[in-house]
file upload29.pdb (PDB, C-alpha atoms)
ATOM      1  CA  MET A  30      -8.763 -22.624  18.686  1.00  0.00           C
ATOM      2  CA  THR A  31      -9.318 -21.927  15.013  1.00  0.00           C
ATOM      3  CA  VAL A  32      -7.712 -18.868  13.485  1.00  0.00           C
ATOM      4  CA  ARG A  33      -8.658 -17.566  10.065  1.00  0.00           C
ATOM      5  CA  VAL A  34      -5.793 -16.199   7.992  1.00  0.00           C
ATOM      6  CA  LEU A  35      -6.561 -13.841   5.128  1.00  0.00           C
ATOM      7  CA  LEU A  36      -4.656 -14.370   1.886  1.00  0.00           C
ATOM      8  CA  PHE A  37      -3.893 -12.031  -0.979  1.00  0.00           C
ATOM      9  CA  GLY A  38      -1.993 -11.969  -4.245  1.00  0.00           C
ATOM     10  CA  ALA A  39       0.081 -14.994  -5.138  1.00  0.00           C
ATOM     11  CA  GLU A  40      -0.698 -16.755  -1.850  1.00  0.00           C
ATOM     12  CA  ALA A  41      -4.447 -16.526  -2.495  1.00  0.00           C
ATOM     13  CA  GLN A  42      -3.942 -17.760  -6.042  1.00  0.00           C
ATOM     14  CA  ALA A  43      -1.791 -20.646  -4.833  1.00  0.00           C
ATOM     15  CA  VAL A  44      -4.566 -22.095  -2.693  1.00  0.00           C
ATOM     16  CA  GLY A  45      -7.508 -20.731  -4.678  1.00  0.00           C
ATOM     17  CA  ALA A  46      -9.032 -18.973  -1.675  1.00  0.00           C
ATOM     18  CA  ALA A  47      -9.066 -15.597   0.027  1.00  0.00           C
ATOM     19  CA  GLY A  48      -8.350 -17.198   3.368  1.00  0.00           C
ATOM     20  CA  VAL A  49      -7.620 -20.415   5.220  1.00  0.00           C
ATOM     21  CA  GLU A  50      -8.191 -21.663   8.721  1.00  0.00           C
ATOM     22  CA  VAL A  51      -5.548 -23.102  10.991  1.00  0.00           C
ATOM     23  CA  LEU A  52      -5.931 -24.970  14.222  1.00  0.00           C
ATOM     24  CA  VAL A  53      -3.634 -23.784  17.014  1.00  0.00           C
ATOM     25  CA  ALA A  54      -3.568 -24.143  20.789  1.00  0.00           C
ATOM     26  CA  ASP A  55      -5.201 -21.504  22.978  1.00  0.00           C
ATOM     27  CA  GLY A  56      -2.590 -18.887  23.805  1.00  0.00           C
ATOM     28  CA  ALA A  57      -0.757 -19.538  20.555  1.00  0.00           C
ATOM     29  CA  ARG A  58       1.675 -16.938  19.303  1.00  0.00           C
ATOM     30  CA  VAL A  59       2.177 -15.536  15.836  1.00  0.00           C
ATOM     31  CA  GLU A  60       5.030 -17.940  15.184  1.00  0.00           C
ATOM     32  CA  ASP A  61       2.726 -20.861  16.041  1.00  0.00           C
ATOM     33  CA  VAL A  62       0.264 -19.624  13.422  1.00  0.00           C
ATOM     34  CA  ARG A  63       3.068 -19.483  10.869  1.00  0.00           C
ATOM     35  CA  LEU A  64       4.132 -23.044  11.680  1.00  0.00           C
ATOM     36  CA  ALA A  65       0.514 -24.200  11.540  1.00  0.00           C
ATOM     37  CA  LEU A  66       0.048 -22.559   8.151  1.00  0.00           C
ATOM     38  CA  ALA A  67       3.052 -24.384   6.765  1.00  0.00           C
ATOM     39  CA  SER A  68       2.024 -27.754   8.155  1.00  0.00           C
ATOM     40  CA  GLN A  69      -1.743 -27.560   7.624  1.00  0.00           C
ATOM     41  CA  HIS A  70      -1.604 -25.831   4.228  1.00  0.00           C
ATOM     42  CA  PRO A  71       1.404 -27.174   2.329  1.00  0.00           C
ATOM     43  CA  GLY A  72       0.342 -25.109  -0.678  1.00  0.00           C
ATOM     44  CA  LEU A  73       1.603 -22.067   1.222  1.00  0.00           C
ATOM     45  CA  MET A  74       4.957 -23.545   2.238  1.00  0.00           C
ATOM     46  CA  TRP A  75       6.754 -21.747  -0.602  1.00  0.00           C
ATOM     47  CA  SER A  76       5.889 -18.333   0.810  1.00  0.00           C
ATOM     48  CA  MET A  77       6.928 -18.961   4.413  1.00  0.00           C
ATOM     49  CA  GLY A  78      10.483 -17.778   3.777  1.00  0.00           C
ATOM     50  CA  HIS A  79       9.441 -14.258   2.882  1.00  0.00           C
ATOM     51  CA  ALA A  80       5.812 -13.678   3.869  1.00  0.00           C
ATOM     52  CA  ARG A  81       4.948 -11.750   7.038  1.00  0.00           C
ATOM     53  CA  LEU A  82       1.921 -12.095   9.263  1.00  0.00           C
ATOM     54  CA  SER A  83      -0.158  -9.136  10.335  1.00  0.00           C
ATOM     55  CA  ARG A  84      -2.478  -8.982  13.313  1.00  0.00           C
ATOM     56  CA  ASN A  85      -5.288  -6.439  13.295  1.00  0.00           C
ATOM     57  CA  HIS A  86      -3.727  -4.539  10.385  1.00  0.00           C
ATOM     58  CA  VAL A  87      -0.236  -4.234  11.852  1.00  0.00           C
ATOM     59  CA  PHE A  88       2.790  -6.384  11.038  1.00  0.00           C
ATOM     60  CA  ALA A  89       3.097  -8.823  13.901  1.00  0.00           C
ATOM     61  CA  VAL A  90       6.175 -10.043  15.734  1.00  0.00           C
ATOM     62  CA  ALA A  91       6.736 -13.731  16.339  1.00  0.00           C
ATOM     63  CA  ASP A  92       5.951 -13.828  20.046  1.00  0.00           C
ATOM     64  CA  GLU A  93       2.694 -11.884  20.007  1.00  0.00           C
ATOM     65  CA  VAL A  94      -0.189 -13.848  21.458  1.00  0.00           C
ATOM     66  CA  VAL A  95      -3.059 -14.443  19.036  1.00  0.00           C
ATOM     67  CA  SER A  96      -6.751 -14.697  19.805  1.00  0.00           C
ATOM     68  CA  ALA A  97      -9.493 -16.233  17.690  1.00  0.00           C
ATOM     69  CA  THR A  98     -11.054 -12.817  17.124  1.00  0.00           C
ATOM     70  CA  ASP A  99      -7.891 -11.245  15.722  1.00  0.00           C
ATOM     71  CA  GLU A 100      -7.769 -10.425  12.037  1.00  0.00           C
ATOM     72  CA  ILE A 101      -4.713 -12.282  10.859  1.00  0.00           C
ATOM     73  CA  ALA A 102      -3.330 -11.932   7.344  1.00  0.00           C
ATOM     74  CA  LEU A 103      -0.444 -13.460   5.467  1.00  0.00           C
ATOM     75  CA  ILE A 104       1.341 -10.662   3.655  1.00  0.00           C
ATOM     76  CA  GLY A 105       3.509 -11.963   0.834  1.00  0.00           C
ATOM     77  CA  LEU A 106       5.766  -9.850  -1.365  1.00  0.00           C
ATOM     78  CA  VAL A 107       3.930  -6.631  -2.059  1.00  0.00           C
ATOM     79  CA  SER A 108       3.977  -4.683  -5.297  1.00  0.00           C
ATOM     80  CA  GLY A 109       2.119  -1.429  -4.854  1.00  0.00           C
ATOM     81  CA  GLY A 110       2.774   1.753  -6.740  1.00  0.00           C
TER      82      GLY A 110
ATOM     83  CA  MET B  26       1.218  19.149   9.590  1.00  0.00           C
ATOM     84  CA  SER B  27      -1.216  16.747   8.032  1.00  0.00           C
ATOM     85  CA  VAL B  28      -1.414  13.344   6.390  1.00  0.00           C
ATOM     86  CA  ARG B  29      -4.203  12.012   4.242  1.00  0.00           C
ATOM     87  CA  VAL B  30      -4.425   8.735   2.325  1.00  0.00           C
ATOM     88  CA  THR B  31      -7.155   7.792  -0.120  1.00  0.00           C
ATOM     89  CA  ILE B  32      -7.714   4.525  -1.956  1.00  0.00           C
ATOM     90  CA  VAL B  33      -9.727   5.033  -5.139  1.00  0.00           C
ATOM     91  CA  GLU B  34     -11.311   2.642  -7.609  1.00  0.00           C
ATOM     92  CA  GLY B  35      -9.431   2.676 -10.912  1.00  0.00           C
ATOM     93  CA  SER B  36      -7.071   5.410 -12.031  1.00  0.00           C
ATOM     94  CA  VAL B  37      -6.330   8.224  -9.623  1.00  0.00           C
ATOM     95  CA  GLY B  38      -6.225  10.672 -12.507  1.00  0.00           C
ATOM     96  CA  GLY B  39      -3.169  12.897 -12.634  1.00  0.00           C
ATOM     97  CA  ALA B  40      -1.034  14.090 -15.502  1.00  0.00           C
ATOM     98  CA  GLY B  41      -0.582  10.623 -16.940  1.00  0.00           C
ATOM     99  CA  GLY B  42      -4.162   9.595 -16.425  1.00  0.00           C
ATOM    100  CA  MET B  43      -6.262   9.169 -19.518  1.00  0.00           C
ATOM    101  CA  ALA B  44      -9.449   8.580 -17.586  1.00  0.00           C
ATOM    102  CA  PRO B  45      -9.670  10.602 -14.363  1.00  0.00           C
ATOM    103  CA  LEU B  46     -12.031   9.160 -11.795  1.00  0.00           C
ATOM    104  CA  GLY B  47     -15.235  11.119 -11.852  1.00  0.00           C
ATOM    105  CA  GLY B  48     -13.376  14.350 -11.311  1.00  0.00           C
ATOM    106  CA  MET B  49     -12.364  13.292  -7.771  1.00  0.00           C
ATOM    107  CA  VAL B  50      -8.740  14.051  -8.499  1.00  0.00           C
ATOM    108  CA  PRO B  51      -8.230  16.678 -11.157  1.00  0.00           C
ATOM    109  CA  ALA B  52      -5.585  16.086 -13.781  1.00  0.00           C
ATOM    110  CA  VAL B  53      -2.549  18.152 -12.911  1.00  0.00           C
ATOM    111  CA  ARG B  54      -1.518  20.592 -15.576  1.00  0.00           C
ATOM    112  CA  SER B  55      -0.481  23.454 -13.336  1.00  0.00           C
ATOM    113  CA  HIS B  56      -0.881  24.437  -9.733  1.00  0.00           C
ATOM    114  CA  ALA B  57      -3.816  26.589 -10.672  1.00  0.00           C
ATOM    115  CA  ASP B  58      -5.653  23.487 -11.888  1.00  0.00           C
ATOM    116  CA  SER B  59      -5.027  21.473  -8.775  1.00  0.00           C
ATOM    117  CA  PRO B  60      -6.525  22.535  -5.453  1.00  0.00           C
ATOM    118  CA  ASP B  61      -4.695  19.810  -3.532  1.00  0.00           C
ATOM    119  CA  VAL B  62      -1.350  21.116  -4.747  1.00  0.00           C
ATOM    120  CA  GLY B  63      -2.260  24.719  -4.074  1.00  0.00           C
ATOM    121  CA  VAL B  64      -0.356  26.422  -1.296  1.00  0.00           C
ATOM    122  CA  ASP B  65      -1.650  28.265   1.722  1.00  0.00           C
ATOM    123  CA  ARG B  66       0.752  31.172   2.319  1.00  0.00           C
ATOM    124  CA  ARG B  67       0.432  30.778   6.082  1.00  0.00           C
ATOM    125  CA  ALA B  68       1.632  27.156   6.017  1.00  0.00           C
ATOM    126  CA  GLY B  69       5.214  28.147   5.216  1.00  0.00           C
ATOM    127  CA  VAL B  70       5.408  25.946   2.160  1.00  0.00           C
ATOM    128  CA  GLY B  71       8.432  26.467  -0.068  1.00  0.00           C
ATOM    129  CA  ALA B  72       8.311  23.240  -2.064  1.00  0.00           C
ATOM    130  CA  VAL B  73       5.570  21.044  -3.473  1.00  0.00           C
ATOM    131  CA  LEU B  74       6.588  17.683  -4.871  1.00  0.00           C
ATOM    132  CA  VAL B  75       4.166  15.637  -6.923  1.00  0.00           C
ATOM    133  CA  PHE B  76       4.934  12.046  -7.853  1.00  0.00           C
ATOM    134  CA  GLU B  77       2.714  10.111 -10.206  1.00  0.00           C
ATOM    135  CA  GLY B  78       3.190   6.418 -10.832  1.00  0.00           C
ATOM    136  CA  ILE B  79       1.979   5.487 -14.300  1.00  0.00           C
ATOM    137  CA  VAL B  80       1.082   1.984 -15.446  1.00  0.00           C
ATOM    138  CA  ARG B  81       3.458   1.058 -18.243  1.00  0.00           C
ATOM    139  CA  GLY B  82       1.689  -0.120 -21.355  1.00  0.00           C
ATOM    140  CA  LEU B  83       4.598  -2.433 -22.072  1.00  0.00           C
ATOM    141  CA  GLU B  84       5.653  -5.275 -19.813  1.00  0.00           C
ATOM    142  CA  ALA B  85       8.796  -7.161 -20.835  1.00  0.00           C
ATOM    143  CA  GLY B  86       8.355  -5.781 -24.344  1.00  0.00           C
ATOM    144  CA  GLU B  87       4.777  -6.980 -24.582  1.00  0.00           C
ATOM    145  CA  LEU B  88       1.748  -4.714 -24.793  1.00  0.00           C
ATOM    146  CA  ILE B  89      -0.608  -4.982 -21.845  1.00  0.00           C
ATOM    147  CA  ALA B  90      -4.074  -3.554 -21.254  1.00  0.00           C
ATOM    148  CA  GLY B  91      -3.242  -2.578 -17.695  1.00  0.00           C
ATOM    149  CA  LEU B  92      -2.812  -3.747 -14.125  1.00  0.00           C
ATOM    150  CA  GLU B  93      -5.265  -5.031 -11.559  1.00  0.00           C
ATOM    151  CA  TYR B  94      -4.504  -3.796  -8.032  1.00  0.00           C
ATOM    152  CA  GLU B  95      -5.542  -5.793  -4.989  1.00  0.00           C
ATOM    153  CA  VAL B  96      -5.494  -3.771  -1.779  1.00  0.00           C
ATOM    154  CA  TYR B  97      -5.816  -5.008   1.794  1.00  0.00           C
ATOM    155  CA  GLU B  98      -7.472  -1.719   2.442  1.00  0.00           C
ATOM    156  CA  PRO B  99      -7.570  -1.223   6.213  1.00  0.00           C
ATOM    157  CA  MET B 100      -3.950  -2.215   6.607  1.00  0.00           C
ATOM    158  CA  ALA B 101      -2.719  -0.476   3.450  1.00  0.00           C
ATOM    159  CA  THR B 102      -4.328   2.788   4.534  1.00  0.00           C
ATOM    160  CA  ARG B 103      -2.968   2.448   8.036  1.00  0.00           C
ATOM    161  CA  GLN B 104       0.532   1.607   6.820  1.00  0.00           C
ATOM    162  CA  MET B 105       0.656   4.536   4.404  1.00  0.00           C
ATOM    163  CA  GLU B 106      -0.623   6.906   7.079  1.00  0.00           C
ATOM    164  CA  MET B 107       1.951   5.604   9.543  1.00  0.00           C
ATOM    165  CA  ILE B 108       4.823   5.938   7.052  1.00  0.00           C
ATOM    166  CA  ALA B 109       3.735   9.426   6.024  1.00  0.00           C
ATOM    167  CA  ARG B 110       3.204  10.555   9.610  1.00  0.00           C
ATOM    168  CA  GLY B 111       6.669   9.325  10.550  1.00  0.00           C
ATOM    169  CA  LEU B 112       8.197  11.326   7.715  1.00  0.00           C
ATOM    170  CA  VAL B 113       6.177  14.425   8.557  1.00  0.00           C
ATOM    171  CA  GLU B 114       7.397  14.280  12.143  1.00  0.00           C
ATOM    172  CA  GLU B 115      11.003  13.368  11.369  1.00  0.00           C
ATOM    173  CA  LEU B 116      11.531  15.823   8.522  1.00  0.00           C
ATOM    174  CA  GLY B 117       9.167  18.575   9.581  1.00  0.00           C
ATOM    175  CA  LEU B 118       7.036  18.403   6.444  1.00  0.00           C
ATOM    176  CA  VAL B 119       3.912  20.494   6.074  1.00  0.00           C
ATOM    177  CA  SER B 120       1.796  17.686   4.627  1.00  0.00           C
ATOM    178  CA  VAL B 121       1.716  14.423   2.732  1.00  0.00           C
ATOM    179  CA  ARG B 122      -1.269  13.477   0.591  1.00  0.00           C
ATOM    180  CA  VAL B 123      -1.523  10.077  -1.092  1.00  0.00           C
ATOM    181  CA  TRP B 124      -3.910   8.468  -3.543  1.00  0.00           C
ATOM    182  CA  HIS B 125      -3.525   4.815  -4.579  1.00  0.00           C
ATOM    183  CA  SER B 126      -5.653   2.794  -6.947  1.00  0.00           C
ATOM    184  CA  ARG B 127      -7.453  -0.455  -6.386  1.00  0.00           C
ATOM    185  CA  GLY B 128      -8.957  -2.483  -9.197  1.00  0.00           C
ATOM    186  CA  ARG B 129      -8.087  -2.064 -12.817  1.00  0.00           C
ATOM    187  CA  VAL B 130      -5.861   0.728 -14.117  1.00  0.00           C
ATOM    188  CA  GLY B 131      -5.154   0.928 -17.828  1.00  0.00           C
ATOM    189  CA  GLY B 132      -1.753   1.337 -19.450  1.00  0.00           C
ATOM    190  CA  GLY B 133      -0.744   4.995 -19.422  1.00  0.00           C
ATOM    191  CA  GLU B 134      -3.005   5.759 -16.476  1.00  0.00           C
ATOM    192  CA  CYS B 135      -1.959   6.914 -13.036  1.00  0.00           C
ATOM    193  CA  SER B 136      -2.154   4.434 -10.147  1.00  0.00           C
ATOM    194  CA  LEU B 137      -0.282   6.366  -7.454  1.00  0.00           C
ATOM    195  CA  ARG B 138      -0.097  10.032  -6.685  1.00  0.00           C
ATOM    196  CA  VAL B 139       1.876  11.495  -3.800  1.00  0.00           C
ATOM    197  CA  VAL B 140       1.992  15.193  -2.955  1.00  0.00           C
ATOM    198  CA  VAL B 141       4.578  16.310  -0.394  1.00  0.00           C
ATOM    199  CA  ARG B 142       4.600  19.889   0.813  1.00  0.00           C
ATOM    200  CA  SER B 143       7.561  21.171   2.799  1.00  0.00           C
ATOM    201  CA  ALA B 144       9.351  24.360   3.707  1.00  0.00           C
ATOM    202  CA  HIS B 145      12.393  23.481   1.591  1.00  0.00           C
ATOM    203  CA  ARG B 146      12.989  21.179  -1.360  1.00  0.00           C
ATOM    204  CA  LYS B 147      15.598  19.018   0.346  1.00  0.00           C
ATOM    205  CA  GLU B 148      13.380  17.402   2.962  1.00  0.00           C
ATOM    206  CA  GLY B 149      10.599  17.083   0.405  1.00  0.00           C
ATOM    207  CA  LEU B 150      12.814  15.155  -1.995  1.00  0.00           C
ATOM    208  CA  VAL B 151      14.081  12.895   0.778  1.00  0.00           C
ATOM    209  CA  ALA B 152      10.537  12.275   2.008  1.00  0.00           C
ATOM    210  CA  MET B 153       9.244  11.411  -1.444  1.00  0.00           C
ATOM    211  CA  GLU B 154      11.916   8.800  -2.078  1.00  0.00           C
ATOM    212  CA  ARG B 155      11.569   7.284   1.367  1.00  0.00           C
ATOM    213  CA  PHE B 156       7.799   7.178   1.205  1.00  0.00           C
ATOM    214  CA  ILE B 157       7.770   5.355  -2.117  1.00  0.00           C
ATOM    215  CA  ASP B 158      10.495   2.928  -1.024  1.00  0.00           C
ATOM    216  CA  ALA B 159       8.494   2.118   2.109  1.00  0.00           C
ATOM    217  CA  LEU B 160       5.290   1.781   0.109  1.00  0.00           C
ATOM    218  CA  LYS B 161       6.882  -0.800  -2.142  1.00  0.00           C
ATOM    219  CA  ARG B 162       8.209  -2.746   0.839  1.00  0.00           C
ATOM    220  CA  ASP B 163       5.593  -2.482   3.580  1.00  0.00           C
ATOM    221  CA  VAL B 164       2.164  -1.650   2.177  1.00  0.00           C
ATOM    222  CA  PRO B 165      -0.105  -4.617   1.393  1.00  0.00           C
ATOM    223  CA  ILE B 166      -0.973  -3.901  -2.222  1.00  0.00           C
ATOM    224  CA  TRP B 167      -0.483  -6.354  -5.064  1.00  0.00           C
ATOM    225  CA  LYS B 168      -0.771  -5.984  -8.797  1.00  0.00           C
ATOM    226  CA  ARG B 169      -1.103  -8.350 -11.697  1.00  0.00           C
ATOM    227  CA  VAL B 170      -1.017  -7.802 -15.415  1.00  0.00           C
ATOM    228  CA  VAL B 171      -4.312  -7.917 -17.289  1.00  0.00           C
ATOM    229  CA  GLY B 172      -4.800  -8.205 -21.013  1.00  0.00           C
ATOM    230  CA  ARG B 173      -1.486  -9.228 -22.550  1.00  0.00           C
ATOM    231  CA  GLY B 174      -0.884  -8.745 -26.229  1.00  0.00           C
TER     232      GLY B 174
END
call {"tool": "encode", "arguments": {"input": "upload29.pdb", "output": "structure tokens"}}
result
Amino acid sequence: MTVRVLLFGAEAQAVGAAGVEVLVADGARVEDVRLALASQHPGLMWSMGHARLSRNHVFAVADEVVSATDEIALIGLVSGG
Amino acid sequence: MSVRVTIVEGSVGGAGGMAPLGGMVPAVRSHADSPDVGVDRRAGVGAVLVFEGIVRGLEAGELIAGLEYEVYEPMATRQMEMIARGLVEELGLVSVRVWHSRGRVGGGECSLRVVVRSAHRKEGLVAMERFIDALKRDVPIWKRVVGRG
């Protein structure tokens, strides 16, 4: 299945887009999406050490199962305030 | 006990704000000027803490026009509400009210305003520090400098 991952801040600037798509197997987990991001979008590799993934507006844990309709986002280092 | 979070376009106003947003958030000069800081006697409030984050006009010694805030709004709102609600429950606060900017905020203007109301100062002070620490760690908001020099 194809999962769209929203990007913000430095990650969005790095790839010049507000989101990318990754191809993962049906039943994939959050960690699979992370691995797919790194392999299918090498321009995001630098952020994989610190960025977190969210699923439907909540920080996700590695073994959560992902569906194609989920809103997935890559949350890099934040700087609000 | 209540929690409310608002994302606003541009400056949130406040004491440091030079250009309040359409009067949505009145500049704070005293409690009498600020309905959201005002205290209902029946709520048992003994302390009102107001924090305002101001955009520095200088960044690494260089003048800047301001900051541009990018907000992943549904998640940022949810995260701030969750953090505030946790503090309200844990510390027994009366309320937490938060405004955060999105878009451009000029140097000297206010981009974050937090109002914590509690029965006693101690839990209010603890809550304020913990809320802002959590905001800077776990709320999806990003900023970048605009207009250097």
call {"tool": "closest_residue", "arguments": {"input": "upload29.pdb", "among": "B:Ile166, B:Leu83, B:Ala159, B:Val33", "to": "chain A", "atoms": "all atoms listed in the file"}}
result
B:Ile166
call {"tool": "atom_distance", "arguments": {"input": "upload29.pdb", "atom1": "atom CA of A:Ala57", "atom2": "atom CA of B:Met105"}}
result
29.0 Å
call {"tool": "closest_atom_pairs", "arguments": {"input": "upload29.pdb", "of": "chain A", "to": "chain B", "cutoff": "7 Å", "atoms": "all atoms listed in the file", "output": "Markdown table"}}
result
| residue | atom | partner | partner_atom | distance |
| --- | --- | --- | --- | --- |
| A:Gly38 | CA | B:Trp167 | CA | 5.9 |
| A:His86 | CA | B:Met100 | CA | 4.4 |
| A:Val87 | CA | B:Met100 | CA | 6.7 |
| A:Ile104 | CA | B:Pro165 | CA | 6.6 |
| A:Val107 | CA | B:Trp167 | CA | 5.3 |
| A:Ser108 | CA | B:Trp167 | CA | 4.8 |
| A:Gly109 | CA | B:Ile166 | CA | 4.8 |
| A:Gly110 | CA | B:Leu137 | CA | 5.6 |
call {"tool": "residues_around", "arguments": {"input": "upload29.pdb", "residues": "A:Val44", "least_positions_apart": "5", "cutoff": "10 Å", "atoms": "only C-alpha atoms", "output": "mmCIF file with C-alpha atoms, keeping the file's coordinate frame"}}
result
data_model
loop_
_atom_site.group_PDB
_atom_site.id
_atom_site.type_symbol
_atom_site.label_atom_id
_atom_site.label_comp_id
_atom_site.auth_asym_id
_atom_site.auth_seq_id
_atom_site.Cartn_x
_atom_site.Cartn_y
_atom_site.Cartn_z
ATOM 1 C CA LEU A 36 -4.656 -14.370 1.886
ATOM 2 C CA ALA A 39 0.081 -14.994 -5.138
ATOM 3 C CA VAL A 49 -7.620 -20.415 5.220
ATOM 4 C CA HIS A 70 -1.604 -25.831 4.228
ATOM 5 C CA PRO A 71 1.404 -27.174 2.329
ATOM 6 C CA GLY A 72 0.342 -25.109 -0.678
ATOM 7 C CA LEU A 73 1.603 -22.067 1.222
#
call {"tool": "resolve_selection", "arguments": {"input": "upload29.pdb", "expression": "the PyMOL selection byres ((chain B and resi 118) around 12)", "output": "PyMOL selection string"}}
result
chain B and resi 26-28+68-74+109-117+119-122+140-153
call {"tool": "resolve_selection", "arguments": {"input": "upload29.pdb", "expression": "the PyMOL selection byres ((chain B and resi 82) around 12)", "output": "mmCIF file with C-alpha atoms, keeping the file's coordinate frame"}}
result
data_model
loop_
_atom_site.group_PDB
_atom_site.id
_atom_site.type_symbol
_atom_site.label_atom_id
_atom_site.label_comp_id
_atom_site.auth_asym_id
_atom_site.auth_seq_id
_atom_site.Cartn_x
_atom_site.Cartn_y
_atom_site.Cartn_z
ATOM 1 C CA GLY B 41 -0.582 10.623 -16.940
ATOM 2 C CA ILE B 79 1.979 5.487 -14.300
ATOM 3 C CA VAL B 80 1.082 1.984 -15.446
ATOM 4 C CA ARG B 81 3.458 1.058 -18.243
ATOM 5 C CA LEU B 83 4.598 -2.433 -22.072
ATOM 6 C CA GLU B 84 5.653 -5.275 -19.813
ATOM 7 C CA ALA B 85 8.796 -7.161 -20.835
ATOM 8 C CA GLY B 86 8.355 -5.781 -24.344
ATOM 9 C CA GLU B 87 4.777 -6.980 -24.582
ATOM 10 C CA LEU B 88 1.748 -4.714 -24.793
ATOM 11 C CA ILE B 89 -0.608 -4.982 -21.845
ATOM 12 C CA ALA B 90 -4.074 -3.554 -21.254
ATOM 13 C CA GLY B 91 -3.242 -2.578 -17.695
ATOM 14 C CA LEU B 92 -2.812 -3.747 -14.125
ATOM 15 C CA VAL B 130 -5.861 0.728 -14.117
ATOM 16 C CA GLY B 131 -5.154 0.928 -17.828
ATOM 17 C CA GLY B 132 -1.753 1.337 -19.450
ATOM 18 C CA GLY B 133 -0.744 4.995 -19.422
ATOM 19 C CA GLU B 134 -3.005 5.759 -16.476
ATOM 20 C CA CYS B 135 -1.959 6.914 -13.036
ATOM 21 C CA VAL B 170 -1.017 -7.802 -15.415
ATOM 22 C CA VAL B 171 -4.312 -7.917 -17.289
ATOM 23 C CA GLY B 172 -4.800 -8.205 -21.013
ATOM 24 C CA ARG B 173 -1.486 -9.228 -22.550
ATOM 25 C CA GLY B 174 -0.884 -8.745 -26.229
#
call {"tool": "closest_residue", "arguments": {"input": "upload29.pdb", "among": "A:Ala97, A:Leu35, A:Ala91, A:Met74", "to": "A:Gly56", "atoms": "all atoms listed in the file"}}
result
A:Ala97
call {"tool": "atom_distance", "arguments": {"input": "upload29.pdb", "atom1": "atom CA of B:Ile108", "atom2": "atom CA of B:Phe156"}}
result
6.7 Å
call {"tool": "residues_near_point", "arguments": {"input": "upload29.pdb", "point": "(-8.9, -17.4, 16.4)", "cutoff": "9 Å", "atoms": "only C-alpha atoms", "output": "list in words"}}
result
Met30, Thr31, Val32, Arg33, Glu50, Val51, Leu52, Val53, Asp55, Val95, Ser96, Ala97, Thr98, Asp99, Glu100 and Ile101 of chain A
call {"tool": "atom_distance", "arguments": {"input": "upload29.pdb", "atom1": "atom CA of A:Ala89", "atom2": "atom CA of A:Ala47"}}
result
19.7 Å
call {"tool": "axis_aligned_box", "arguments": {"input": "upload29.pdb", "around": "stretch 71-87 of chain B", "padding_each_side": "6 Å", "output": "JSON"}}
result
{"center_x": 4.9, "center_y": 9.7, "center_z": -12.3, "size_x": 19.7, "size_y": 45.6, "size_z": 36.5}
call {"tool": "resolve_selection", "arguments": {"input": "upload29.pdb", "expression": "the PyMOL selection byres ((chain A and resi 82) around 9)", "output": "PDB file with C-alpha atoms, keeping the file's coordinate frame"}}
result
ATOM      1  CA  VAL A  34      -5.793 -16.199   7.992  1.00  0.00           C
ATOM      2  CA  VAL A  59       2.177 -15.536  15.836  1.00  0.00           C
ATOM      3  CA  GLU A  60       5.030 -17.940  15.184  1.00  0.00           C
ATOM      4  CA  VAL A  62       0.264 -19.624  13.422  1.00  0.00           C
ATOM      5  CA  ARG A  63       3.068 -19.483  10.869  1.00  0.00           C
ATOM      6  CA  ALA A  80       5.812 -13.678   3.869  1.00  0.00           C
ATOM      7  CA  ARG A  81       4.948 -11.750   7.038  1.00  0.00           C
ATOM      8  CA  SER A  83      -0.158  -9.136  10.335  1.00  0.00           C
ATOM      9  CA  ARG A  84      -2.478  -8.982  13.313  1.00  0.00           C
ATOM     10  CA  VAL A  87      -0.236  -4.234  11.852  1.00  0.00           C
ATOM     11  CA  PHE A  88       2.790  -6.384  11.038  1.00  0.00           C
ATOM     12  CA  ALA A  89       3.097  -8.823  13.901  1.00  0.00           C
ATOM     13  CA  VAL A  90       6.175 -10.043  15.734  1.00  0.00           C
ATOM     14  CA  ALA A  91       6.736 -13.731  16.339  1.00  0.00           C
ATOM     15  CA  ILE A 101      -4.713 -12.282  10.859  1.00  0.00           C
ATOM     16  CA  ALA A 102      -3.330 -11.932   7.344  1.00  0.00           C
ATOM     17  CA  LEU A 103      -0.444 -13.460   5.467  1.00  0.00           C
ATOM     18  CA  ILE A 104       1.341 -10.662   3.655  1.00  0.00           C
ATOM     19  CA  GLY A 105       3.509 -11.963   0.834  1.00  0.00           C
TER      20      GLY A 105
END
